[in-house]
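As provided, query.txt (compact mmCIF, C-alpha atoms) reads as follows.
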# COMPACT_ATOMS: atom_id res chain seq x y z
CA MET A 488 0.00 0.00 0.00
CA ILE A 489 1.22 3.50 -0.84
CA PRO A 490 -0.65 5.68 1.69
CA TYR A 491 -1.77 9.17 0.88
CA GLU A 492 -0.04 10.40 4.06
CA ASP A 493 1.82 8.83 6.99
CA LEU A 494 2.82 11.33 9.66
CA LYS A 495 5.10 8.89 11.46
CA ARG A 496 7.18 8.35 8.31
CA LEU A 497 6.96 12.04 7.41
CA ASN A 498 8.53 13.04 10.72
CA ALA A 499 10.98 10.15 11.06
CA PRO A 500 14.02 12.21 9.91
CA PHE A 501 13.39 14.69 12.73
CA THR A 502 12.58 12.30 15.58
CA GLU A 503 15.91 12.50 17.38
CA GLN A 504 15.85 16.31 17.30
CA PHE A 505 12.24 16.28 18.52
CA HIS A 506 13.26 14.25 21.56
CA THR A 507 16.12 16.63 22.32
CA ARG A 508 13.89 19.67 22.00
CA PHE A 509 11.11 18.08 24.05
CA ASN A 510 13.54 17.31 26.89
CA SER A 511 14.83 20.87 26.78
CA VAL A 512 11.32 22.34 27.11
CA LEU A 513 10.49 19.89 29.88
CA GLU A 514 13.62 20.73 31.85
CA LYS A 515 13.17 24.49 31.52
CA GLY A 516 9.63 24.23 32.94
CA TYR A 517 8.38 27.22 30.92
CA TYR A 518 5.48 26.03 28.79
CA ILE A 519 3.55 29.12 27.64
CA LEU A 520 5.05 31.86 25.40
CA GLY A 521 8.60 30.91 26.26
CA GLU A 522 11.93 30.91 24.43
CA GLU A 523 10.85 28.45 21.74
CA VAL A 524 7.88 30.59 20.66
CA ALA A 525 10.04 33.72 20.63
CA LEU A 526 12.73 31.94 18.59
CA PHE A 527 10.24 30.60 16.08
CA GLU A 528 8.60 34.00 15.64
CA LYS A 529 11.99 35.61 15.02
CA GLN A 530 13.18 32.97 12.58
CA PHE A 531 9.90 32.67 10.65
CA ALA A 532 9.76 36.46 10.25
CA GLN A 533 13.34 36.43 8.97
CA TYR A 534 12.63 33.52 6.63
CA ASN A 535 9.78 35.49 5.05
CA ALA A 536 11.62 38.84 5.17
CA VAL A 537 8.90 40.66 7.14
CA PRO A 538 9.28 42.59 10.40
CA TYR A 539 6.81 40.72 12.60
CA CYS A 540 5.58 37.19 13.21
CA LEU A 541 3.11 36.13 15.88
CA GLY A 542 2.69 32.48 16.86
CA VAL A 543 -0.94 31.51 17.45
CA SER A 544 -2.97 28.41 18.19
CA ASN A 545 -4.02 27.41 14.65
CA GLY A 546 -4.71 28.72 11.17
CA LEU A 547 -8.36 29.54 11.84
CA ASP A 548 -7.44 31.70 14.81
CA ALA A 549 -4.74 33.38 12.73
CA ILE A 550 -7.42 34.64 10.33
CA ILE A 551 -9.83 35.58 13.14
CA LEU A 552 -7.22 37.64 15.02
CA SER A 553 -6.09 39.37 11.83
CA LEU A 554 -9.66 40.36 10.99
CA LYS A 555 -10.34 41.43 14.58
CA SER A 556 -7.26 43.67 14.62
CA CYS A 557 -8.72 45.69 11.73
CA ASN A 558 -11.84 46.70 13.73
CA PHE A 559 -14.19 46.40 10.77
CA PRO A 560 -17.80 47.47 11.50
CA GLU A 561 -20.12 44.54 12.14
CA GLY A 562 -21.74 43.47 8.87
CA SER A 563 -18.81 44.52 6.70
CA GLU A 564 -18.18 42.31 3.68
CA VAL A 565 -15.08 40.20 3.09
CA ILE A 566 -14.39 38.63 -0.30
CA VAL A 567 -13.26 34.98 -0.23
CA PRO A 568 -12.84 32.34 -2.95
CA ALA A 569 -15.89 30.13 -3.45
CA ASN A 570 -13.84 26.89 -3.29
CA THR A 571 -11.77 27.59 -0.18
CA PHE A 572 -11.55 25.32 2.85
CA ILE A 573 -14.38 26.18 5.23
CA ALA A 574 -12.03 27.69 7.86
CA THR A 575 -11.60 30.83 5.77
CA ILE A 576 -15.34 31.44 5.79
CA LEU A 577 -15.78 30.45 9.43
CA ALA A 578 -13.26 33.10 10.45
CA VAL A 579 -15.25 35.79 8.64
CA LEU A 580 -18.50 34.66 10.27
CA GLN A 581 -16.98 34.45 13.75
CA CYS A 582 -15.97 38.10 13.41
CA ASN A 583 -19.60 39.05 12.63
CA LEU A 584 -18.67 39.88 9.05
CA ILE A 585 -20.29 38.78 5.80
CA PRO A 586 -18.44 36.39 3.44
CA VAL A 587 -18.88 37.22 -0.23
CA LEU A 588 -17.90 34.30 -2.47
CA VAL A 589 -16.02 34.84 -5.72
CA GLU A 590 -15.41 32.04 -8.21
CA PRO A 591 -11.92 30.60 -8.73
CA ASP A 592 -9.93 30.39 -11.93
CA ILE A 593 -10.60 26.89 -13.28
CA SER A 594 -6.93 26.38 -14.19
CA THR A 595 -5.23 27.58 -10.98
CA TYR A 596 -8.04 26.91 -8.44
CA ASN A 597 -7.25 30.27 -6.83
CA ILE A 598 -9.60 33.24 -6.72
CA ASP A 599 -10.15 34.73 -10.18
CA PRO A 600 -8.94 38.37 -10.03
CA THR A 601 -11.10 39.31 -13.03
CA LYS A 602 -14.21 38.56 -10.95
CA ILE A 603 -13.27 40.37 -7.74
CA GLU A 604 -14.23 43.95 -8.61
CA GLU A 605 -17.79 43.02 -9.60
CA ALA A 606 -18.25 41.68 -6.05
CA ILE A 607 -17.09 44.88 -4.33
CA THR A 608 -19.75 47.02 -2.68
CA ALA A 609 -19.79 49.99 -0.32
CA LYS A 610 -19.59 47.48 2.55
CA THR A 611 -16.50 45.64 1.29
CA ARG A 612 -13.53 45.97 3.61
CA ALA A 613 -11.16 43.14 2.73
CA ILE A 614 -10.13 40.39 0.33
CA ILE A 615 -8.83 37.07 1.63
CA ALA A 616 -6.49 35.60 -0.95
CA VAL A 617 -6.24 31.84 -0.37
CA HIS A 618 -3.11 30.27 -1.86
CA LEU A 619 -4.75 26.91 -2.43
CA TYR A 620 -2.82 23.63 -2.74
CA GLY A 621 0.54 25.45 -2.55
CA LYS A 622 0.18 27.89 -5.48
CA CYS A 623 0.21 31.64 -4.95
CA CYS A 624 -2.66 33.76 -6.15
CA ASP A 625 -2.05 36.44 -8.79
CA MET A 626 -1.01 38.97 -6.17
CA ASP A 627 -0.13 41.75 -8.63
CA GLU A 628 -3.76 42.05 -9.64
CA ILE A 629 -5.13 41.55 -6.13
CA ILE A 630 -2.88 44.28 -4.71
CA ARG A 631 -3.91 46.57 -7.58
CA ILE A 632 -7.56 46.05 -6.61
CA LYS A 633 -6.72 46.56 -2.93
CA ASP A 634 -5.07 49.90 -3.65
CA LYS A 635 -7.76 51.07 -6.07
CA HIS A 636 -10.61 50.40 -3.61
CA ASN A 637 -8.72 51.07 -0.37
CA LEU A 638 -9.21 47.56 0.97
CA TYR A 639 -7.27 45.25 3.27
CA VAL A 640 -5.75 42.04 1.94
CA LEU A 641 -5.31 38.99 4.14
CA GLU A 642 -3.45 36.01 2.73
CA ASP A 643 -4.58 32.57 3.84
CA THR A 644 -1.23 30.85 3.44
CA ALA A 645 -2.14 27.64 5.27
CA GLN A 646 -1.14 25.52 2.26
CA ALA A 647 1.64 27.60 0.74
CA HIS A 648 4.59 27.89 3.11
CA SER A 649 7.61 28.92 0.97
CA ALA A 650 5.60 29.29 -2.26
CA THR A 651 6.48 32.39 -4.28
CA PHE A 652 5.02 34.69 -6.90
CA LYS A 653 7.67 36.60 -8.85
CA ASN A 654 10.25 35.58 -6.21
CA LYS A 655 8.23 37.04 -3.33
CA LYS A 656 6.96 34.65 -0.69
CA ALA A 657 3.30 33.89 -0.10
CA GLY A 658 1.99 35.67 2.98
CA THR A 659 4.11 38.80 2.46
CA PHE A 660 2.07 40.75 -0.12
CA GLY A 661 -0.93 41.91 1.89
CA ASP A 662 -1.56 43.40 5.29
CA PHE A 663 -1.46 40.01 7.01
CA GLY A 664 -0.20 36.56 6.10
CA THR A 665 -1.92 33.80 8.07
CA PHE A 666 -0.51 30.29 8.41
CA SER A 667 -1.52 26.89 9.69
CA PHE A 668 1.11 24.49 11.00
CA TYR A 669 -1.26 21.52 11.07
CA PRO A 670 0.81 18.31 10.98
CA THR A 671 0.29 17.60 7.27
CA LYS A 672 1.50 21.02 6.09
CA ASN A 673 4.88 21.47 4.43
CA LEU A 674 5.90 23.09 7.71
CA GLY A 675 3.87 21.01 10.13
CA ALA A 676 3.94 20.73 13.90
CA LEU A 677 2.98 17.61 15.88
CA GLY A 678 -0.35 19.16 16.77
CA ASP A 679 -2.21 22.38 16.06
CA GLY A 680 -0.34 25.60 15.50
CA GLY A 681 -0.57 28.79 13.48
CA GLY A 682 1.14 32.07 12.73
CA ILE A 683 0.56 35.59 11.47
CA LEU A 684 2.97 37.75 9.50
CA CYS A 685 2.46 41.52 9.49
CA LYS A 686 4.43 44.60 8.55
CA GLU A 687 3.01 47.33 10.78
CA GLU A 688 3.97 47.68 14.44
CA THR A 689 0.52 49.02 15.32
CA TYR A 690 -1.18 45.86 14.10
CA TYR A 691 1.48 43.64 15.65
CA HIS A 692 0.76 45.22 19.04
CA LYS A 693 -2.99 44.69 18.58
CA LEU A 694 -2.37 41.06 17.67
CA LEU A 695 -0.21 40.52 20.74
CA GLN A 696 -3.06 41.78 22.92
CA LEU A 697 -5.76 39.78 21.13
CA ARG A 698 -3.73 36.57 21.33
CA ASN A 699 -3.40 36.74 25.12
CA TYR A 700 -6.74 37.76 26.70
CA GLY A 701 -6.44 41.34 25.44
CA SER A 702 -3.51 41.92 27.75
CA ASP A 703 -0.11 43.61 27.54
CA LYS A 704 0.61 42.97 31.20
CA LYS A 705 -0.61 39.96 33.14
CA TYR A 706 -4.01 40.57 34.79
CA TYR A 707 -4.36 44.00 33.07
CA ASN A 708 -6.68 43.73 30.07
CA GLU A 709 -6.92 46.52 27.53
CA VAL A 710 -9.29 44.95 24.98
CA ILE A 711 -11.59 41.94 24.71
CA GLY A 712 -9.18 39.23 23.66
CA PHE A 713 -8.78 35.50 23.21
CA ASN A 714 -6.55 32.65 24.30
CA CYS A 715 -4.88 31.87 20.96
CA ARG A 716 -1.24 31.27 21.85
CA LEU A 717 1.14 28.99 19.98
CA ASP A 718 2.08 26.17 22.33
CA GLU A 719 5.71 26.24 23.49
CA LEU A 720 6.25 22.57 22.65
CA GLN A 721 4.79 22.91 19.16
CA ALA A 722 7.05 25.92 18.59
CA ALA A 723 10.00 23.74 19.60
CA PHE A 724 9.05 21.14 16.99
CA LEU A 725 8.60 23.86 14.36
CA ASN A 726 12.07 25.18 15.20
CA VAL A 727 13.42 21.74 14.34
CA LYS A 728 11.64 21.64 10.97
CA LEU A 729 11.90 25.24 9.78
CA PRO A 730 15.54 24.87 8.56
CA HIS A 731 14.33 21.95 6.41
CA LEU A 732 11.32 23.71 4.86
CA ASP A 733 13.04 24.50 1.58
CA ALA A 734 14.23 20.90 1.25
CA ILE A 735 10.73 19.61 1.99
CA SER A 736 9.22 21.86 -0.68
CA ALA A 737 11.97 20.93 -3.17
CA HIS A 738 11.30 17.21 -2.64
CA LYS A 739 7.58 17.70 -3.21
CA ASN A 740 8.44 19.64 -6.39
CA LYS A 741 10.52 16.72 -7.61
CA LEU A 742 7.63 14.32 -7.08
CA ALA A 743 5.15 16.75 -8.66
CA ASN A 744 7.34 17.11 -11.74
CA LEU A 745 7.33 13.33 -12.20
CA TYR A 746 3.54 13.41 -12.27
CA LEU A 747 3.47 16.41 -14.60
CA GLN A 748 5.94 14.89 -17.05
CA ASN A 749 4.60 11.35 -17.15
CA LEU A 750 0.84 11.30 -16.60
CA ASN A 751 -1.10 10.94 -19.83
CA SER A 752 -3.66 13.36 -21.23
CA ASN A 753 -6.62 11.64 -19.55
CA PHE A 754 -6.05 13.80 -16.47
CA ILE A 755 -6.33 17.53 -15.92
CA LEU A 756 -3.04 18.48 -14.24
CA PRO A 757 -1.94 21.53 -12.24
CA VAL A 758 -0.69 24.37 -14.41
CA LYS A 759 2.87 25.65 -14.17
CA HIS A 760 4.16 29.15 -14.94
CA PRO A 761 7.65 30.63 -14.51
CA ASP A 762 6.33 33.46 -12.30
CA TYR A 763 5.21 30.90 -9.69
CA TYR A 764 7.11 28.55 -7.43
CA ASP A 765 4.49 26.02 -6.35
CA VAL A 766 5.17 23.93 -3.25
CA TYR A 767 2.52 21.23 -3.75
CA HIS A 768 1.19 20.90 -0.24
CA ILE A 769 -1.48 19.10 -2.25
CA PHE A 770 -0.88 17.64 -5.72
CA ASN A 771 -4.32 17.43 -7.27
CA ILE A 772 -5.55 16.19 -10.59
CA ARG A 773 -9.06 16.41 -12.00
CA HIS A 774 -11.11 13.78 -13.79
CA SER A 775 -14.77 13.57 -14.77
CA ARG A 776 -14.95 10.05 -13.25
CA ARG A 777 -13.21 11.08 -10.03
CA ASP A 778 -15.01 8.71 -7.66
CA GLU A 779 -14.46 5.74 -9.96
CA LEU A 780 -10.79 6.73 -10.28
CA LYS A 781 -10.40 6.95 -6.51
CA THR A 782 -11.85 3.46 -6.06
CA TYR A 783 -9.59 2.10 -8.83
CA LEU A 784 -6.50 3.49 -7.12
CA GLU A 785 -7.54 2.10 -3.74
CA GLU A 786 -8.02 -1.33 -5.33
CA ASN A 787 -4.46 -1.02 -6.60
CA GLY A 788 -3.04 -0.16 -3.21
CA ILE A 789 -2.81 3.62 -3.63
CA GLY A 790 -4.30 6.02 -1.11
CA THR A 791 -5.78 9.35 -2.19
CA ALA A 792 -7.77 12.21 -0.68
CA ILE A 793 -10.33 14.75 -1.90
CA HIS A 794 -9.72 18.43 -1.17
CA TYR A 795 -12.63 19.08 -0.95
CA PRO A 796 -15.71 16.94 -1.68
CA VAL A 797 -18.34 19.59 -0.84
CA ALA A 798 -18.32 23.21 -1.99
CA PRO A 799 -18.63 25.69 0.92
CA HIS A 800 -21.95 27.09 -0.28
CA LYS A 801 -23.41 23.56 -0.17
CA GLN A 802 -22.23 22.72 3.35
CA ASN A 803 -25.14 22.27 5.77
CA ALA A 804 -23.58 24.82 8.11
CA LEU A 805 -23.38 27.51 5.43
CA LYS A 806 -25.92 26.88 2.67
CA HIS A 807 -28.55 29.15 4.25
CA LEU A 808 -26.16 32.08 3.66
CA PHE A 809 -26.01 31.54 -0.10
CA ILE A 810 -29.59 30.64 -1.05
CA GLY A 811 -30.24 31.35 -4.71
CA LYS A 812 -26.56 31.82 -5.54
CA SER A 813 -24.68 29.64 -7.98
CA PHE A 814 -20.96 28.87 -8.15
CA PRO A 815 -20.62 26.40 -11.04
CA ILE A 816 -16.83 26.66 -11.40
CA SER A 817 -16.32 25.89 -7.75
CA GLU A 818 -18.76 22.99 -7.95
CA GLU A 819 -16.96 21.55 -10.98
CA ILE A 820 -13.67 21.60 -9.09
CA HIS A 821 -15.17 19.96 -6.00
CA GLN A 822 -16.79 17.23 -8.10
CA THR A 823 -13.68 16.34 -10.11
CA THR A 824 -10.60 16.98 -7.94
CA LEU A 825 -8.46 14.16 -6.51
CA SER A 826 -5.28 14.54 -4.44
CA LEU A 827 -2.42 12.13 -5.13
CA PRO A 828 0.36 11.03 -2.75
CA CYS A 829 3.06 13.73 -2.65
CA SER A 830 4.52 13.78 0.85
CA TYR A 831 8.06 14.30 2.11
CA PHE A 832 8.38 10.57 2.82
CA HIS A 833 7.21 9.42 -0.62
CA THR A 834 9.93 8.32 -3.01
CA GLU A 835 10.32 8.74 -6.75
CA ASP A 836 9.72 4.99 -7.05
CA ASP A 837 6.42 5.41 -5.21
CA VAL A 838 5.31 8.09 -7.63
CA GLN A 839 6.42 6.14 -10.68
CA LYS A 840 4.33 3.17 -9.51
CA ILE A 841 1.34 5.49 -9.07
CA ILE A 842 1.87 6.94 -12.55
CA ASN A 843 1.98 3.47 -14.09
CA VAL A 844 -1.33 2.57 -12.44
CA LEU A 845 -2.97 5.87 -13.34
CA ASN A 846 -1.99 5.65 -17.01
CA LYS A 847 -3.83 2.32 -17.25
CA PHE A 848 -7.11 3.79 -16.03
Write the structure described by the file as structure tokens, please.
Amino acid sequence: MIPYEDLKRLNAPFTEQFHTRFNSVLEKGYYILGEEVALFEKQFAQYNAVPYCLGVSNGLDAIILSLKSCNFPEGSEVIVPANTFIATILAVLQCNLIPVLVEPDISTYNIDPTKIEEAITAKTRAIIAVHLYGKCCDMDEIIRIKDKHNLYVLEDTAQAHSATFKNKKAGTFGDFGTFSFYPTKNLGALGDGGGILCKEETYYHKLLQLRNYGSDKKYYNEVIGFNCRLDELQAAFLNVKLPHLDAISAHKNKLANLYLQNLNSNFILPVKHPDYYDVYHIFNIRHSRRDELKTYLEENGIGTAIHYPVAPHKQNALKHLFIGKSFPISEEIHQTTLSLPCSYFHTEDDVQKIINVLNKF
């Protein structure tokens, strides 16, 4: 069996360092917002060439805190891609804001910049650019729209650590770059974790307060805040893996290129362009007989996943918000997409075996 993912094998190269770091945290006895969190924030900010990084509890909270720090009036509108993972939309709703869905580009799966302006109203305050599957959005056009309409841009970079557009890293174009360090990510912890990149000291200070009960000083609370801190132990594990992030992304690129060069024309493959460095957190293909293809691969000992089987506007939790609205491009993607094995532990031989099976479908 070639599994879609295996976190034990994924993290095997780092196990010895994890044990060392765990023992260090245990012996220091400082478990909340300690040296490991501070070190990770410093190094991740440097890695992305931005002034500030804030470690938080997960990717959802990263978006929530970023939106909260902007103090948008209740009922303000936030533009999000119609095919995003539900967390992006949940963050908007939990801030008492209104998500406005915009269709993706069928070839990149990211929000279609040509459709954004028609969705802007007098209530629009922000665009959330989701760098889906490990490919950056067209940030030139999104930043142009931001500047023209005086909007904020948040980047949901949960799947695109180290991806670039025109040699600039995902998460560094807009006002905030939000990250998830869920264990399956290219930079994954051993539990939940998240981060926020920002460029302005004013917003960084707001985020620090919001992350920790609205407090600058213990037991003195300036604003209504949250408990959204990055765990010290998870920061320690991230400090082990951060120096290897480029190698992880390069390995996934090598596997992705094997798929791209050898799969036959029966499959719709990810597009490549020299302006983009894609990091393939997810390597997806599309096929009109997706479910049949998934079963065929399972019967041949190959695990797959679907990111994502249900469009956000059709989720039971959300469909009442989008009654009468249609998002056919998003639905087509959700009905045809299939994610193939492309993890740090997979080998070129694994991928070649998968290719051989796929080309016989």
Can you pull out every residue within 8 Å of Ser649 in chain A, counting only C-alpha atoms, but drop anything in the same chain fewer than 2 positions away, and send it as a PyMOL selection string? chain A and resi 647+651+656-657+732-733+736+766
Exercise for the section: Please provide as a PyMOL selection string all residues within 12 Å of Asn708 in chain A, with the sequence filter that same-chain residues fewer than 3 positions apart are discarded (counting only C-alpha atoms). Expected result: chain A and resi 695-705+711-713
Residues within 6 Å of Thr823 in chain A, please, as a count of residues only. Count only C-alpha atoms; anything in the same chain fewer than 2 positions from it doesn't count. 6
Can you tell me which residues surround range 583-596 of chain A at a distance of at most 6 Å, considering only C-alpha atoms, apart from same-chain residues fewer than 3 positions away, and format the answer as a ChimeraX atom specification?
/A:561-569,579-580,599
Contacts of range 673-733 of chain A with range 503-510 of chain A up to 9 Å, shortest pair per row, all atoms listed in the file, as a Markdown table:
| residue | atom | partner | partner_atom | distance |
| --- | --- | --- | --- | --- |
| A:Leu720 | CA | A:Phe509 | CA | 6.8 |
| A:Ala723 | CA | A:Arg508 | CA | 6.1 |
| A:Phe724 | CA | A:Phe505 | CA | 6.0 |
| A:Asn726 | CA | A:Arg508 | CA | 8.9 |
| A:Val727 | CA | A:Gln504 | CA | 6.6 |
Check your understanding: Mind pulling up the distance from CA of Pro799 in chain A to CA of Lys812 in chain A?
Key ->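 Atom-to-atom, CA of Lys812 in chain A to CA of Pro799 in chain A, that is 11.9 Å.
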- What does the distance between CA of Pro538 in chain A and CA of Tyr517 in chain A come to in Å, to one decimal place?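 Here the two named atoms are 25.7 Å from each other.
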### Message
Excluding Glu522 in chain A and its own-chain neighbours fewer than 3 positions away, which residues fall within 10 Å of it when counting all atoms listed in the file? Please give them as a PyMOL selection string.
### Response
chain A and resi 512+515+517-519+525-528+719+722-723
For the selection you just gave me, I'd like the residues written to a file as a PDB file, keeping the file's coordinate frame, keeping C-alpha atoms.
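Wrote it out as again-v5.pdb, contents follow:
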ATOM      1  CA  VAL A 512      11.320  22.340  27.110  1.00  0.00           C
ATOM      2  CA  LYS A 515      13.170  24.490  31.520  1.00  0.00           C
ATOM      3  CA  TYR A 517       8.380  27.220  30.920  1.00  0.00           C
ATOM      4  CA  TYR A 518       5.480  26.030  28.790  1.00  0.00           C
ATOM      5  CA  ILE A 519       3.550  29.120  27.640  1.00  0.00           C
ATOM      6  CA  ALA A 525      10.040  33.720  20.630  1.00  0.00           C
ATOM      7  CA  LEU A 526      12.730  31.940  18.590  1.00  0.00           C
ATOM      8  CA  PHE A 527      10.240  30.600  16.080  1.00  0.00           C
ATOM      9  CA  GLU A 528       8.600  34.000  15.640  1.00  0.00           C
ATOM     10  CA  GLU A 719       5.710  26.240  23.490  1.00  0.00           C
ATOM     11  CA  ALA A 722       7.050  25.920  18.590  1.00  0.00           C
ATOM     12  CA  ALA A 723      10.000  23.740  19.600  1.00  0.00           C
TER      13      ALA A 723
END
- In terms of the shortest atom-to-atom distance over all atoms listed in the file, which of A:Tyr831, A:Tyr795, A:Tyr491, A:Phe754 is closest to Ser817 in chain A?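 Once distances to Ser817 in chain A are computed over all atoms listed in the file, the minimum belongs to A:Tyr795.
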Min atom-atom distance to Ala804 in chain A from the set A:Thr611, A:Ile816, A:Ile576, A:Asn787, counting all atoms listed in the file, belongs to A:Ile576
